[in-house]
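Source file: start_26.csv; contents: CSV, C-alpha atoms (C1' of nucleotides).
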```
chain,number,residue,atom,x,y,z
A,25,MET,CA,90.5,85.0,75.6
A,26,ALA,CA,91.5,87.0,72.6
A,27,ASN,CA,93.0,89.9,74.4
A,28,GLU,CA,94.1,92.1,71.7
A,29,GLY,CA,95.3,95.6,71.7
A,30,ASN,CA,95.8,95.8,75.4
A,31,ASN,CA,99.4,96.4,75.5
A,32,SER,CA,100.7,96.1,79.0
A,33,ALA,CA,103.4,98.7,78.3
A,34,GLU,CA,101.8,101.6,79.9
A,35,GLY,CA,103.7,104.7,80.7
A,36,THR,CA,103.5,106.8,77.7
A,37,LEU,CA,101.7,110.0,78.0
A,38,THR,CA,98.3,108.9,77.2
A,39,LEU,CA,94.8,110.3,77.2
A,40,GLY,CA,94.5,110.1,80.9
A,41,GLY,CA,97.8,111.7,81.7
A,42,TYR,CA,97.1,114.4,79.1
A,43,LEU,CA,93.7,115.2,80.7
A,44,ALA,CA,95.2,115.2,84.1
A,45,SER,CA,97.9,117.7,83.1
A,46,ILE,CA,95.3,120.0,81.6
A,47,ARG,CA,93.1,119.9,84.7
A,48,ASN,CA,96.1,120.7,86.7
A,49,ASP,CA,96.9,123.6,84.5
A,50,ARG,CA,93.4,124.9,85.0
A,51,LYS,CA,93.8,124.3,88.7
A,52,MET,CA,90.6,122.4,89.0
A,53,THR,CA,89.7,119.5,91.2
A,54,LEU,CA,87.9,116.4,90.0
A,55,ARG,CA,84.7,117.7,91.6
A,56,ASP,CA,85.3,121.1,90.1
A,57,VAL,CA,85.0,119.5,86.7
A,58,GLU,CA,82.0,117.6,87.8
A,59,GLU,CA,80.3,120.8,88.8
A,60,ALA,CA,81.5,122.8,85.8
A,61,THR,CA,80.1,120.2,83.4
A,62,GLU,CA,76.9,120.0,85.4
A,63,LYS,CA,77.4,116.4,86.2
A,64,GLY,CA,78.5,115.7,82.7
A,65,VAL,CA,81.4,113.8,84.1
A,66,SER,CA,81.4,112.4,87.6
A,67,ASN,CA,84.5,113.0,89.6
A,68,ALA,CA,85.0,109.3,90.2
A,69,TYR,CA,84.7,108.6,86.6
A,70,LEU,CA,87.1,111.3,85.6
A,71,SER,CA,89.6,109.9,88.1
A,72,GLN,CA,89.4,106.6,86.3
A,73,ILE,CA,89.8,108.2,82.9
A,74,GLU,CA,92.9,110.2,84.1
A,75,ASN,CA,94.4,107.0,85.4
A,76,ASP,CA,93.7,105.2,82.2
A,77,LYS,CA,91.4,102.7,83.8
A,78,ILE,CA,88.8,103.4,81.1
A,79,LYS,CA,89.9,102.3,77.7
A,80,LYS,CA,87.7,104.4,75.5
A,81,PRO,CA,85.7,107.2,77.2
A,82,SER,CA,82.7,108.0,75.1
A,83,PRO,CA,82.8,110.7,72.5
A,84,ASN,CA,80.1,112.3,74.6
A,85,VAL,CA,82.4,112.6,77.6
A,86,LEU,CA,85.4,113.6,75.5
A,87,HIS,CA,83.4,116.4,73.9
A,88,THR,CA,82.3,117.7,77.2
A,89,LEU,CA,85.9,117.8,78.4
A,90,SER,CA,87.2,119.3,75.3
A,91,GLU,CA,84.7,122.1,75.6
A,92,LEU,CA,85.4,122.7,79.2
A,93,TYR,CA,89.1,122.8,78.7
A,94,SER,CA,89.0,124.4,75.3
A,95,ILE,CA,91.1,121.8,73.7
A,96,SER,CA,90.9,119.8,70.5
A,97,PHE,CA,88.1,117.3,70.5
A,98,GLU,CA,89.6,115.5,67.6
A,99,GLY,CA,92.9,115.2,69.5
A,100,LEU,CA,91.1,113.5,72.4
A,101,MET,CA,89.2,111.2,70.0
A,102,GLY,CA,92.5,110.2,68.5
A,103,MET,CA,94.2,109.5,71.8
A,104,ALA,CA,91.2,107.5,72.9
A,105,GLY,CA,91.4,105.5,69.7
A,106,HIS,CA,88.0,106.5,68.5
A,107,VAL,CA,89.2,107.7,65.2
A,108,THR,CA,90.0,104.9,62.8
A,109,SER,CA,93.4,105.1,61.2
A,110,SER,CA,91.8,105.8,57.9
A,111,GLY,CA,89.9,108.6,59.3
A,112,VAL,CA,92.6,110.6,61.0
A,113,THR,CA,91.6,114.2,60.8
A,114,ASN,CA,94.7,116.1,61.8
A,115,ASP,CA,98.3,115.9,62.7
A,116,GLU,CA,97.6,115.9,66.4
A,117,THR,CA,96.0,112.5,66.2
A,118,ARG,CA,98.6,111.4,63.8
A,119,HIS,CA,101.4,111.9,66.3
A,120,GLY,CA,99.5,110.0,68.9
A,121,ARG,CA,100.9,109.6,72.4
A,122,ALA,CA,104.5,110.5,71.8
A,123,ALA,CA,103.7,113.8,70.4
A,124,THR,CA,102.0,114.9,73.5
A,125,PHE,CA,105.4,115.8,74.8
A,126,ALA,CA,105.4,118.6,72.3
A,127,GLU,CA,102.0,119.8,73.3
A,128,HIS,CA,103.5,120.9,76.6
A,129,ASN,CA,105.7,123.3,74.8
A,130,LEU,CA,108.7,122.5,76.8
A,131,THR,CA,111.9,124.3,76.3
A,132,SER,CA,115.0,122.3,75.9
A,133,GLU,CA,116.0,123.2,79.3
A,134,GLU,CA,112.8,122.0,80.8
A,135,GLU,CA,113.0,118.8,78.8
A,136,LYS,CA,116.5,118.3,80.1
A,137,GLU,CA,115.3,118.6,83.6
A,138,LEU,CA,112.6,116.2,83.0
A,139,ILE,CA,114.9,113.6,81.5
A,140,GLU,CA,117.1,114.0,84.5
A,141,TYR,CA,114.2,113.4,86.7
A,142,LEU,CA,113.2,110.3,84.7
A,143,GLN,CA,116.7,108.9,85.1
A,144,PHE,CA,116.5,109.6,88.8
A,145,ILE,CA,113.4,107.5,88.9
A,146,ARG,CA,115.2,104.7,87.1
A,147,ARG,CA,118.2,104.9,89.4
A,148,ASN,CA,116.0,104.6,92.4
A,149,ASN,CA,114.6,101.3,91.4
A,150,ASP,CA,114.1,99.7,94.8
A,151,GLY,CA,111.8,97.1,95.9
A,152,ALA,CA,110.1,99.1,98.6
B,8,MET,CA,110.9,120.8,120.8
B,9,ALA,CA,109.9,117.3,121.1
B,10,ASN,CA,111.8,115.8,118.3
B,11,GLU,CA,115.3,116.0,119.4
B,12,GLY,CA,118.0,113.4,119.1
B,13,ASN,CA,115.9,110.9,117.3
B,14,ASN,CA,117.5,111.2,114.0
B,15,SER,CA,121.1,110.5,114.8
B,16,ALA,CA,121.1,107.3,112.8
B,17,GLU,CA,122.2,108.1,109.3
B,18,GLY,CA,120.7,105.2,107.6
B,19,THR,CA,117.1,105.8,108.7
B,20,LEU,CA,116.8,109.4,108.1
B,21,THR,CA,113.2,110.0,107.1
B,22,LEU,CA,111.7,112.8,105.1
B,23,GLY,CA,110.4,114.5,108.1
B,24,GLY,CA,113.6,114.2,110.0
B,25,TYR,CA,115.5,115.5,107.1
B,26,LEU,CA,113.3,118.5,106.6
B,27,ALA,CA,113.4,119.3,110.3
B,28,SER,CA,117.1,119.2,110.4
B,29,ILE,CA,117.3,121.5,107.5
B,30,ARG,CA,114.9,123.9,109.0
B,31,ASN,CA,116.9,123.9,112.2
B,32,ASP,CA,120.0,124.6,110.1
B,33,ARG,CA,118.3,127.6,108.6
B,34,LYS,CA,117.2,128.6,112.1
B,35,MET,CA,113.7,129.0,111.0
B,36,THR,CA,110.5,128.3,113.0
B,37,LEU,CA,107.6,126.5,111.6
B,38,ARG,CA,105.8,129.8,111.3
B,39,ASP,CA,108.8,131.4,109.6
B,40,VAL,CA,108.4,128.8,106.9
B,41,GLU,CA,104.7,129.4,106.6
B,42,GLU,CA,105.3,133.0,106.0
B,43,ALA,CA,108.4,132.6,103.8
B,44,THR,CA,106.3,130.4,101.5
B,45,GLU,CA,103.4,132.8,101.7
B,46,LYS,CA,101.1,130.2,103.2
B,47,GLY,CA,102.4,127.6,100.8
B,48,VAL,CA,102.9,125.4,103.8
B,49,SER,CA,101.1,126.0,107.0
B,50,ASN,CA,103.0,125.6,110.2
B,51,ALA,CA,100.7,123.0,111.5
B,52,TYR,CA,101.0,121.0,108.4
B,53,LEU,CA,104.8,121.3,108.3
B,54,SER,CA,104.9,120.0,111.8
B,55,GLN,CA,103.0,116.9,110.7
B,56,ILE,CA,105.4,116.4,107.8
B,57,GLU,CA,108.4,116.8,110.0
B,58,ASN,CA,107.1,114.2,112.4
B,59,ASP,CA,106.3,111.8,109.6
B,60,LYS,CA,102.6,112.0,110.2
B,61,ILE,CA,102.1,112.6,106.5
B,62,LYS,CA,103.3,109.8,104.4
B,63,LYS,CA,103.4,111.5,101.1
B,64,PRO,CA,103.3,115.2,101.0
B,65,SER,CA,102.3,116.4,97.6
B,66,PRO,CA,104.9,117.3,95.0
B,67,ASN,CA,103.5,120.7,95.3
B,68,VAL,CA,104.5,121.1,98.9
B,69,LEU,CA,107.8,119.3,98.4
B,70,HIS,CA,108.7,121.6,95.6
B,71,THR,CA,107.9,124.7,97.7
B,72,LEU,CA,110.1,123.4,100.5
B,73,SER,CA,112.9,122.4,98.1
B,74,GLU,CA,113.0,125.9,96.7
B,75,LEU,CA,112.9,127.6,100.1
B,76,TYR,CA,115.7,125.5,101.5
B,77,SER,CA,117.5,125.3,98.2
B,78,ILE,CA,117.7,121.5,98.3
B,79,SER,CA,117.0,118.8,95.8
B,80,PHE,CA,113.4,118.4,94.8
B,81,GLU,CA,114.2,115.0,93.3
B,82,GLY,CA,115.6,113.9,96.6
B,83,LEU,CA,112.5,114.9,98.5
B,84,MET,CA,110.4,113.1,95.9
B,85,GLY,CA,112.4,110.0,96.4
B,86,MET,CA,112.2,110.1,100.2
B,87,ALA,CA,108.5,110.7,100.1
B,88,GLY,CA,108.1,107.6,98.0
B,89,HIS,CA,106.5,109.4,95.2
B,90,VAL,CA,108.8,107.5,92.9
B,91,THR,CA,107.8,104.0,93.2
B,92,SER,CA,109.2,102.7,89.9
B,93,SER,CA,107.8,99.3,90.6
B,94,GLY,CA,106.7,97.5,87.6
B,95,VAL,CA,108.7,99.7,85.3
B,96,THR,CA,110.6,98.3,82.5
B,97,ASN,CA,112.3,95.0,82.8
B,98,ASP,CA,115.9,96.1,83.0
B,99,GLU,CA,116.1,96.9,79.4
B,100,THR,CA,118.3,99.9,80.3
B,101,ARG,CA,117.6,101.9,77.3
B,102,HIS,CA,118.3,105.3,78.9
B,103,GLY,CA,121.4,105.8,76.9
B,104,ARG,CA,120.2,109.1,75.6
B,105,ALA,CA,117.7,111.7,76.3
B,106,ALA,CA,114.4,110.6,74.9
B,107,THR,CA,110.8,111.5,74.8
B,108,PHE,CA,108.2,110.3,77.2
B,109,ALA,CA,107.3,107.5,74.9
B,110,GLU,CA,110.6,105.8,75.4
B,111,HIS,CA,110.2,105.7,79.1
B,112,ASN,CA,107.9,103.1,80.4
B,113,LEU,CA,106.3,104.8,83.3
B,114,THR,CA,103.4,103.6,85.4
B,115,SER,CA,100.5,105.9,85.3
B,116,GLU,CA,101.2,107.0,88.8
B,117,GLU,CA,104.7,107.9,87.9
B,118,GLU,CA,103.3,109.7,84.9
B,119,LYS,CA,101.0,111.8,87.0
B,120,GLU,CA,103.8,112.7,89.3
B,121,LEU,CA,105.9,113.7,86.4
B,122,ILE,CA,103.1,115.9,85.1
B,123,GLU,CA,102.9,117.6,88.4
B,124,TYR,CA,106.6,118.2,88.3
B,125,LEU,CA,106.2,119.6,84.8
B,126,GLN,CA,103.7,122.0,86.1
B,127,PHE,CA,106.2,123.4,88.5
B,128,ILE,CA,108.8,123.7,85.9
B,129,ARG,CA,106.5,125.8,83.8
B,130,ARG,CA,105.3,127.8,86.6
B,131,ASN,CA,108.8,128.8,87.5
B,132,ASN,CA,110.4,129.1,84.2
B,133,ASP,CA,107.5,130.8,82.7
B,134,GLY,CA,107.5,134.1,81.0
B,135,ALA,CA,109.0,133.1,77.7
C,27,DA,C1',65.2,84.8,73.5
C,28,DT,C1',68.2,84.1,77.4
C,29,DT,C1',72.4,83.7,79.4
C,30,DG,C1',76.7,85.5,80.2
C,31,DC,C1',80.5,88.6,79.4
C,32,DT,C1',82.3,93.2,78.6
C,33,DT,C1',82.5,98.1,79.3
C,34,DG,C1',81.0,102.8,80.2
C,35,DC,C1',79.3,105.2,84.0
C,36,DT,C1',77.1,106.5,88.9
C,37,DT,C1',76.6,106.6,93.7
C,38,DG,C1',78.5,106.1,98.2
C,39,DA,C1',82.1,105.4,101.2
C,40,DC,C1',87.0,105.6,102.5
C,41,DA,C1',92.1,107.0,103.2
C,42,DA,C1',95.0,110.4,103.2
C,43,DA,C1',96.3,115.2,102.3
C,44,DC,C1',95.6,119.6,104.1
C,45,DT,C1',93.4,123.5,107.1
C,46,DT,C1',91.8,125.8,111.3
C,47,DA,C1',91.7,126.5,116.0
C,48,DG,C1',93.6,125.9,119.9
C,49,DC,C1',96.6,123.7,123.5
C,50,DA,C1',101.0,123.3,126.4
C,51,DT,C1',105.3,124.8,127.4
C,52,DG,C1',108.9,128.0,127.6
C,53,DC,C1',110.8,132.5,127.6
C,54,DT,C1',111.0,137.0,128.5
C,55,DG,C1',110.1,141.3,131.3
C,56,DC,C1',107.2,143.3,135.1
D,6,DG,C1',104.0,135.5,141.4
D,7,DC,C1',101.8,137.5,136.8
D,8,DA,C1',100.8,138.8,131.9
D,9,DG,C1',102.3,138.5,127.0
D,10,DC,C1',104.1,136.2,123.4
D,11,DA,C1',106.5,132.8,120.6
D,12,DT,C1',107.2,127.9,119.4
D,13,DG,C1',106.0,123.2,118.6
D,14,DC,C1',102.4,120.3,118.5
D,15,DT,C1',97.7,118.1,118.1
D,16,DA,C1',92.6,117.3,117.7
D,17,DA,C1',89.0,117.9,114.8
D,18,DG,C1',87.3,119.2,110.5
D,19,DT,C1',87.3,119.8,105.3
D,20,DT,C1',88.9,118.6,100.8
D,21,DT,C1',90.6,115.5,97.3
D,22,DG,C1',91.3,111.5,94.7
D,23,DT,C1',90.3,106.6,94.5
D,24,DC,C1',88.0,102.2,95.4
D,25,DA,C1',83.9,99.0,95.6
D,26,DA,C1',79.6,97.8,94.2
D,27,DG,C1',76.4,98.0,91.2
D,28,DC,C1',73.3,99.5,87.0
D,29,DA,C1',72.4,99.8,81.9
D,30,DA,C1',73.4,98.8,77.4
D,31,DG,C1',75.9,96.3,73.8
D,32,DC,C1',77.5,92.0,71.9
D,33,DA,C1',78.6,87.1,71.4
D,34,DA,C1',77.3,82.4,71.7
D,35,DT,C1',74.5,78.6,73.1
```
Could the structure of this file be written out as structure tokens, please?
Amino acid sequence: MANEGNNSAEGTLTLGGYLASIRNDRKMTLRDVEEATEKGVSNAYLSQIENDKIKKPSPNVLHTLSELYSISFEGLMGMAGHVTSSGVTNDETRHGRAATFAEHNLTSEEEKELIEYLQFIRRNNDGA
Amino acid sequence: MANEGNNSAEGTLTLGGYLASIRNDRKMTLRDVEEATEKGVSNAYLSQIENDKIKKPSPNVLHTLSELYSISFEGLMGMAGHVTSSGVTNDETRHGRAATFAEHNLTSEEEKELIEYLQFIRRNNDGA
DNA sequence: ATTGCTTGCTTGACAAACTTAGCATGCTGC
DNA sequence: GCAGCATGCTAAGTTTGTCAAGCAAGCAAT
């Protein structure tokens, strides 16, 4: 089976993680979002999106979420891979996943803490 | 007090036992903690945590407790098993320098935990 | 066209986190 | 004895995220 594009190296801050962080910022539950969008996005489906189980959520869903969260629709489209490389519309999409770090507006101190935490994770590499 | 003398073995100190021992050190009651955290952790719930009835208390709760007790949040996260780090990088060991998210291969679960942690950092260090 | 595969998406059920209300015991003082 | 209250704990319920199963539509190939 030609399995292209599905890089197994997950772990970058992707669309799902980004959407989850924003929902946490808004202090909403999955069902809150379902209600707020008037069933525009079911809670179970949003869960799958946030865990990157869905490769490309439809522009429809992304638009609903971008409006609810008041975030950039183009950015979501870019993260989801809907925008073709030739049709990149702004620098948010250009940066892709790595740049999402910057979207959190971390101070260097915060970043340092995060890195420490990441290394702690690494150090605790135990089977169970 | 039902849980006395069951955590004498150093090697098998659980999250609950650890938290209970610290609370005893601070000479606080369950309800003291509930009030000190401004209902951040209910006394009933803390009791369940200390008796290991709850497998993985949320990062939210762990952070609240780590602040109240002035102990390591990372340590609590590790004890709680929030940090699985299974299926992370093959030991490439590229954590030589502080990097961005993109250079750390996190599972989506780890990523979500990290994001929650990020929320706490921002909530605390906020204002600037 | 029809089969079969893939993928977005829904509904319903489930496990676990968390809350609320209350129990049992122990400690005071009466 | 008794009331009153504090402390730890639990039973039962609610909330939250996720999984399992399935439907509908698109696409490829026979």
- Message: Could you tell me how far atom CA of A:Val57 sits from atom CA of B:Thr71, in Å to one decimal place?
- Response: 25.9 Å
- Query: Could you list as a PyMOL selection string every residue that has an atom within 12 Å of (97.7, 125.2, 120.8), using the file's coordinates and counting all atoms listed in the file?
  - Reply: (chain B and resi 50-51) or (chain C and resi 46-51) or (chain D and resi 11-16)
- Using only C-alpha atoms (C1' of nucleotides), which of the listed residues (C:DA43, C:DG34, C:DT28, C:DC56) sits closest to chain A? C:DG34
- Can you tell me, as a list of chain:residue names, what residues are no more than 10 Å from stretch 8-10 of chain D when counting only C-alpha atoms (C1' of nucleotides), ignoring any on the same chain fewer than 5 positions away?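 Contacts, in chain order: C:DC53, C:DT54, C:DG55, C:DC56.
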- Nearest candidate to chain C (options A:Leu39, A:Ile46, A:Ile78, A:Ala60; using all atoms listed in the file):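 The shortest atom-to-atom distance to chain C comes from A:Ile78.
For the set A:His87, A:His106, A:Arg47, A:Lys63, the residue with the smallest atom-to-atom gap to chain C is A:Lys63, counting only C-alpha atoms (C1' of nucleotides).
For the pair atom C1' of D:DT19 and atom CA of B:Val48, the separation is 16.6 Å.
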- Message: Neighbouring residues of stretch 22-34 of chain D were defined as those with any atom within 12 Å, considering all atoms listed in the file; residues of the same chain fewer than 6 positions away were excluded. Please report them as a PyMOL selection string.
- Response: (chain A and resi 44+53-55+67-75+77) or (chain C and resi 28-43)
- Item | Between atom CA of B:Lys119 and atom CA of B:Glu81, distance in Å (one decimal) | 15.0 Å
Since the input is missing atoms for stretch 24-35 of chain B, could you rebuild it with all heavy atoms and give the result as a PDB file, in the coordinates of the input?
```pdb
ATOM      1  N   GLY B  24     112.420 113.932 109.308  1.00  0.00           N
ATOM      2  CA  GLY B  24     113.600 114.200 110.000  1.00  0.00           C
ATOM      3  C   GLY B  24     114.587 115.085 109.210  1.00  0.00           C
ATOM      4  O   GLY B  24     115.216 116.015 109.720  1.00  0.00           O
ATOM      5  N   TYR B  25     114.644 114.754 107.964  1.00  0.00           N
ATOM      6  CA  TYR B  25     115.500 115.500 107.100  1.00  0.00           C
ATOM      7  C   TYR B  25     115.073 116.948 106.949  1.00  0.00           C
ATOM      8  O   TYR B  25     115.863 117.882 107.086  1.00  0.00           O
ATOM      9  CB  TYR B  25     115.517 114.824 105.696  1.00  0.00           C
ATOM     10  CG  TYR B  25     116.334 115.524 104.657  1.00  0.00           C
ATOM     11  CD1 TYR B  25     117.690 115.762 104.858  1.00  0.00           C
ATOM     12  CD2 TYR B  25     115.763 115.949 103.465  1.00  0.00           C
ATOM     13  CE1 TYR B  25     118.449 116.405 103.906  1.00  0.00           C
ATOM     14  CE2 TYR B  25     116.521 116.591 102.507  1.00  0.00           C
ATOM     15  CZ  TYR B  25     117.858 116.817 102.727  1.00  0.00           C
ATOM     16  OH  TYR B  25     118.597 117.454 101.778  1.00  0.00           O
ATOM     17  N   LEU B  26     113.790 117.132 106.745  1.00  0.00           N
ATOM     18  CA  LEU B  26     113.300 118.500 106.600  1.00  0.00           C
ATOM     19  C   LEU B  26     113.414 119.273 107.905  1.00  0.00           C
ATOM     20  O   LEU B  26     113.716 120.463 107.893  1.00  0.00           O
ATOM     21  CB  LEU B  26     111.803 118.438 106.174  1.00  0.00           C
ATOM     22  CG  LEU B  26     111.569 118.019 104.728  1.00  0.00           C
ATOM     23  CD1 LEU B  26     110.084 117.857 104.444  1.00  0.00           C
ATOM     24  CD2 LEU B  26     112.188 119.031 103.781  1.00  0.00           C
ATOM     25  N   ALA B  27     113.213 118.585 109.017  1.00  0.00           N
ATOM     26  CA  ALA B  27     113.400 119.300 110.300  1.00  0.00           C
ATOM     27  C   ALA B  27     114.795 119.691 110.536  1.00  0.00           C
ATOM     28  O   ALA B  27     115.066 120.808 111.005  1.00  0.00           O
ATOM     29  CB  ALA B  27     112.879 118.338 111.424  1.00  0.00           C
ATOM     30  N   SER B  28     115.718 118.819 110.189  1.00  0.00           N
ATOM     31  CA  SER B  28     117.100 119.200 110.400  1.00  0.00           C
ATOM     32  C   SER B  28     117.531 120.352 109.552  1.00  0.00           C
ATOM     33  O   SER B  28     118.284 121.220 109.989  1.00  0.00           O
ATOM     34  CB  SER B  28     118.004 117.950 110.099  1.00  0.00           C
ATOM     35  OG  SER B  28     118.064 117.729 108.702  1.00  0.00           O
ATOM     36  N   ILE B  29     116.989 120.390 108.360  1.00  0.00           N
ATOM     37  CA  ILE B  29     117.300 121.500 107.500  1.00  0.00           C
ATOM     38  C   ILE B  29     116.738 122.815 107.999  1.00  0.00           C
ATOM     39  O   ILE B  29     117.387 123.857 108.013  1.00  0.00           O
ATOM     40  CB  ILE B  29     116.849 121.216 106.055  1.00  0.00           C
ATOM     41  CG1 ILE B  29     117.731 120.131 105.455  1.00  0.00           C
ATOM     42  CG2 ILE B  29     116.888 122.474 105.208  1.00  0.00           C
ATOM     43  CD1 ILE B  29     117.437 119.822 104.028  1.00  0.00           C
ATOM     44  N   ARG B  30     115.508 122.721 108.464  1.00  0.00           N
ATOM     45  CA  ARG B  30     114.900 123.900 109.000  1.00  0.00           C
ATOM     46  C   ARG B  30     115.665 124.431 110.218  1.00  0.00           C
ATOM     47  O   ARG B  30     115.851 125.643 110.411  1.00  0.00           O
ATOM     48  CB  ARG B  30     113.442 123.672 109.387  1.00  0.00           C
ATOM     49  CG  ARG B  30     112.729 124.907 109.934  1.00  0.00           C
ATOM     50  CD  ARG B  30     111.256 124.659 110.136  1.00  0.00           C
ATOM     51  NE  ARG B  30     111.009 123.554 111.067  1.00  0.00           N
ATOM     52  CZ  ARG B  30     111.022 123.686 112.396  1.00  0.00           C
ATOM     53  NH1 ARG B  30     111.258 124.876 112.929  1.00  0.00           N
ATOM     54  NH2 ARG B  30     110.802 122.657 113.178  1.00  0.00           N
ATOM     55  N   ASN B  31     116.139 123.506 111.024  1.00  0.00           N
ATOM     56  CA  ASN B  31     116.900 123.900 112.200  1.00  0.00           C
ATOM     57  C   ASN B  31     118.260 124.538 111.725  1.00  0.00           C
ATOM     58  O   ASN B  31     118.717 125.515 112.324  1.00  0.00           O
ATOM     59  CB  ASN B  31     117.201 122.708 113.082  1.00  0.00           C
ATOM     60  CG  ASN B  31     115.989 122.388 113.944  1.00  0.00           C
ATOM     61  OD1 ASN B  31     115.252 123.282 114.357  1.00  0.00           O
ATOM     62  ND2 ASN B  31     115.755 121.099 114.201  1.00  0.00           N
ATOM     63  N   ASP B  32     118.823 123.973 110.687  1.00  0.00           N
ATOM     64  CA  ASP B  32     120.000 124.600 110.100  1.00  0.00           C
ATOM     65  C   ASP B  32     119.791 126.009 109.728  1.00  0.00           C
ATOM     66  O   ASP B  32     120.592 126.893 110.004  1.00  0.00           O
ATOM     67  CB  ASP B  32     120.522 123.771 108.930  1.00  0.00           C
ATOM     68  CG  ASP B  32     121.307 122.535 109.335  1.00  0.00           C
ATOM     69  OD1 ASP B  32     121.698 122.460 110.521  1.00  0.00           O
ATOM     70  OD2 ASP B  32     121.520 121.656 108.489  1.00  0.00           O
ATOM     71  N   ARG B  33     118.662 126.201 109.081  1.00  0.00           N
ATOM     72  CA  ARG B  33     118.300 127.600 108.600  1.00  0.00           C
ATOM     73  C   ARG B  33     117.862 128.442 109.765  1.00  0.00           C
ATOM     74  O   ARG B  33     117.600 129.618 109.578  1.00  0.00           O
ATOM     75  CB  ARG B  33     117.255 127.492 107.545  1.00  0.00           C
ATOM     76  CG  ARG B  33     117.578 126.601 106.369  1.00  0.00           C
ATOM     77  CD  ARG B  33     118.654 127.154 105.490  1.00  0.00           C
ATOM     78  NE  ARG B  33     118.738 126.414 104.228  1.00  0.00           N
ATOM     79  CZ  ARG B  33     119.387 125.271 104.068  1.00  0.00           C
ATOM     80  NH1 ARG B  33     120.007 124.727 105.106  1.00  0.00           N
ATOM     81  NH2 ARG B  33     119.433 124.666 102.901  1.00  0.00           N
ATOM     82  N   LYS B  34     117.703 127.817 110.915  1.00  0.00           N
ATOM     83  CA  LYS B  34     117.200 128.600 112.100  1.00  0.00           C
ATOM     84  C   LYS B  34     115.919 129.264 111.841  1.00  0.00           C
ATOM     85  O   LYS B  34     115.747 130.427 112.145  1.00  0.00           O
ATOM     86  CB  LYS B  34     118.306 129.542 112.550  1.00  0.00           C
ATOM     87  CG  LYS B  34     119.595 128.846 112.962  1.00  0.00           C
ATOM     88  CD  LYS B  34     120.528 129.763 113.729  1.00  0.00           C
ATOM     89  CE  LYS B  34     121.653 128.937 114.334  1.00  0.00           C
ATOM     90  NZ  LYS B  34     122.343 128.094 113.316  1.00  0.00           N
ATOM     91  N   MET B  35     115.026 128.506 111.273  1.00  0.00           N
ATOM     92  CA  MET B  35     113.700 129.000 111.000  1.00  0.00           C
ATOM     93  C   MET B  35     112.680 128.293 111.880  1.00  0.00           C
ATOM     94  O   MET B  35     112.863 127.114 112.186  1.00  0.00           O
ATOM     95  CB  MET B  35     113.319 128.868 109.544  1.00  0.00           C
ATOM     96  CG  MET B  35     114.277 129.524 108.577  1.00  0.00           C
ATOM     97  SD  MET B  35     113.775 129.250 106.850  1.00  0.00           S
ATOM     98  CE  MET B  35     112.398 130.391 106.681  1.00  0.00           C
TER      99      MET B  35
END
```
